[in-house]
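Participant: Structure supplied as coords.cif; contents: mmCIF, C-alpha atoms and all ligand atoms.
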data_model
loop_
_atom_site.label_atom_id
_atom_site.label_comp_id
_atom_site.auth_asym_id
_atom_site.auth_seq_id
_atom_site.Cartn_x
_atom_site.Cartn_y
_atom_site.Cartn_z
CA MET A 1 17.87 20.01 95.36
CA ILE A 2 20.03 16.90 95.67
CA ARG A 3 22.85 19.04 97.05
CA SER A 4 20.53 20.60 99.64
CA ALA A 5 19.02 17.24 100.54
CA SER A 6 22.46 15.76 101.06
CA TYR A 7 23.40 18.74 103.25
CA VAL A 8 20.24 18.59 105.37
CA LEU A 9 20.32 14.79 105.67
CA GLN A 10 24.10 14.72 106.12
CA ILE A 11 24.59 12.12 103.38
CA SER A 12 26.84 11.99 100.35
CA GLU A 13 25.55 13.77 97.23
CA ASP A 14 26.21 10.53 95.39
CA SER A 15 23.63 8.75 97.56
CA LEU A 16 20.72 10.43 95.78
CA GLY A 17 19.96 10.60 92.10
CA GLY A 18 17.31 12.40 90.16
CA VAL A 19 15.90 13.11 86.74
CA ILE A 20 13.52 15.71 85.40
CA HIS A 21 10.73 14.30 83.26
CA TYR A 22 8.63 16.46 80.95
CA VAL A 23 4.94 15.52 81.02
CA SER A 24 3.68 16.52 77.60
CA ALA A 25 0.01 15.95 78.52
CA THR A 26 0.14 18.69 81.15
CA GLY A 27 3.12 20.74 79.99
CA THR A 28 4.70 20.32 83.41
CA TYR A 29 7.83 18.72 84.75
CA ASP A 30 8.16 15.98 87.32
CA LEU A 31 11.24 15.61 89.48
CA ILE A 32 11.97 11.96 90.13
CA LEU A 33 14.35 11.23 93.00
CA TYR A 34 15.85 7.85 93.76
CA ASP A 35 18.24 6.30 96.22
CA ASP A 36 21.48 5.85 94.32
CA VAL A 37 22.82 3.08 96.50
CA PRO A 38 22.38 -0.66 95.98
CA GLY A 39 19.12 -1.83 97.51
CA GLY A 40 18.09 1.71 98.47
CA ALA A 41 18.65 3.26 101.85
CA GLY A 42 15.46 5.19 102.58
CA PHE A 43 16.98 8.54 101.63
CA VAL A 44 14.08 9.50 99.35
CA ARG A 45 11.67 8.85 102.20
CA ALA A 46 13.83 11.06 104.42
CA VAL A 47 13.70 13.78 101.74
CA SER A 48 9.90 13.65 101.74
CA GLU A 49 9.82 13.90 105.54
CA ARG A 50 12.11 16.94 105.59
CA LEU A 51 11.07 18.58 102.33
CA PRO A 52 10.27 22.06 103.77
CA GLU A 53 13.70 22.26 105.41
CA ILE A 54 15.39 21.06 102.22
CA MET A 55 13.51 23.58 100.07
CA ASP A 56 14.47 26.37 102.49
CA HIS A 57 18.10 25.34 102.03
CA VAL A 58 17.68 25.34 98.23
CA LYS A 59 16.19 28.84 98.36
CA ASP A 60 18.90 30.21 100.65
CA SER A 61 21.79 28.72 98.68
CA ILE A 62 20.41 29.99 95.37
CA GLN A 63 19.57 33.47 96.64
CA HIS A 64 22.85 34.02 98.46
CA CYS A 65 25.28 32.67 95.90
CA THR A 66 27.64 35.34 94.62
CA CYS A 67 27.78 34.26 90.99
CA ASP A 68 25.92 36.21 88.32
CA ALA A 69 22.20 35.31 88.33
CA ASP A 70 22.35 34.73 84.58
CA THR A 71 24.80 31.89 85.08
CA SER A 72 25.68 29.38 87.81
CA CYS A 73 28.67 27.99 89.64
CA TYR A 74 29.73 24.94 91.62
CA THR A 75 28.46 26.55 94.82
CA CYS A 76 24.86 26.80 93.64
CA LEU A 77 23.82 24.63 90.69
CA ARG A 78 26.74 23.01 88.96
CA SER A 79 28.16 19.60 89.72
CA TYR A 80 30.25 17.01 87.98
CA ARG A 81 27.08 15.06 87.21
CA ASN A 82 25.38 17.91 85.37
CA GLN A 83 28.39 19.27 83.51
CA TYR A 84 26.70 18.62 80.15
CA LEU A 85 24.08 21.21 81.20
CA HIS A 86 26.32 23.90 82.69
CA ASP A 87 25.71 26.38 79.89
CA GLN A 88 21.94 26.09 80.47
CA LEU A 89 21.97 26.33 84.28
CA LYS A 90 21.04 29.86 85.26
CA ARG A 91 20.54 30.77 88.89
CA HIS A 92 17.69 33.18 88.14
CA TYR A 93 15.57 30.32 86.75
CA VAL A 94 15.57 28.74 90.21
CA MET A 95 15.15 32.07 92.01
CA ASP A 96 12.01 32.67 89.93
CA LEU A 97 10.49 29.47 91.33
CA PHE A 98 10.49 30.97 94.82
CA VAL A 99 8.79 34.28 93.96
ZN ZN B 1 26.49 30.29 92.07
#
Please express the file's structure as structure tokens.
Facilitator:
Amino acid sequence: MIRSASYVLQISEDSLGGVIHYVSATGTYDLILYDDVPGGAGFVRAVSERLPEIMDHVKDSIQHCTCDADTSCYTCLRSYRNQYLHDQLKRHYVMDLFV
């Protein structure tokens, strides 16, 4: 999502950060985005204003990537920042969210 947001907003991927937080009370996950620049820059607000367009970009990039759906690559899900999770990042997990 950060990659798609940076593409749609035409900002550096390093300008946004995010964490996934498990909410044990509900068994759900929250995605927490933050501006990753000193003092903030309003990028998270811009994400909220263009969320449908960003989610369309996420869906397109995940569905049209050529890597095996049971894995991921640097075109779809992998980045330097999430390299400790690469073995767990499977493209089909994200595709299932859009069914
Ligand atoms: Zn891929």
Participant: Pick the closest to ligand ZN 1 (chain B) from A:Tyr7, A:Tyr74, A:Tyr22, A:Tyr34: which is it, counting all atoms listed in the file?
Facilitator: A:Tyr74
Participant: Got a sec: who's within 10 Å of Val47 of chain A, counting all atoms listed in the file, leaving out chain neighbours fewer than 3 positions off, as a list in words?
Facilitator: Met1, Ile2, Ser4, Ala5, Ser6, Val8, Leu9, Leu16, Leu33, Gly42, Phe43, Val44, Arg50, Leu51, Pro52, Glu53, Ile54 and Met55 of chain A
Participant: Which residues form the shell of 10 Å around ligand ZN 1 (chain B) when you count only C-alpha atoms and all ligand atoms, given as a compact mmCIF listing (two decimals) with C-alpha atoms, in the frame of the given file?
Facilitator:
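Output file selection.txt is given in full below:
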# COMPACT_ATOMS: atom_id res chain seq x y z
CA SER A 61 21.79 28.72 98.68
CA ILE A 62 20.41 29.99 95.37
CA GLN A 63 19.57 33.47 96.64
CA HIS A 64 22.85 34.02 98.46
CA CYS A 65 25.28 32.67 95.90
CA THR A 66 27.64 35.34 94.62
CA CYS A 67 27.78 34.26 90.99
CA ASP A 68 25.92 36.21 88.32
CA ALA A 69 22.20 35.31 88.33
CA ASP A 70 22.35 34.73 84.58
CA THR A 71 24.80 31.89 85.08
CA SER A 72 25.68 29.38 87.81
CA CYS A 73 28.67 27.99 89.64
CA TYR A 74 29.73 24.94 91.62
CA THR A 75 28.46 26.55 94.82
CA CYS A 76 24.86 26.80 93.64
CA LEU A 77 23.82 24.63 90.69
CA ARG A 78 26.74 23.01 88.96
CA LEU A 89 21.97 26.33 84.28
CA LYS A 90 21.04 29.86 85.26
CA ARG A 91 20.54 30.77 88.89
Participant: Given the choices A:Ser48, A:His57, A:Gly17, A:Leu97, which gets closest to Asp35 of chain A if the distance is worked out from only C-alpha atoms?
Facilitator: A:Gly17
Participant: Mind giving me the straight-line distance from atom CA of Ile20 of chain A to atom CA of Ile32 of chain A in Å, one decimal?
Facilitator: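 These two atoms are separated by 6.2 Å.
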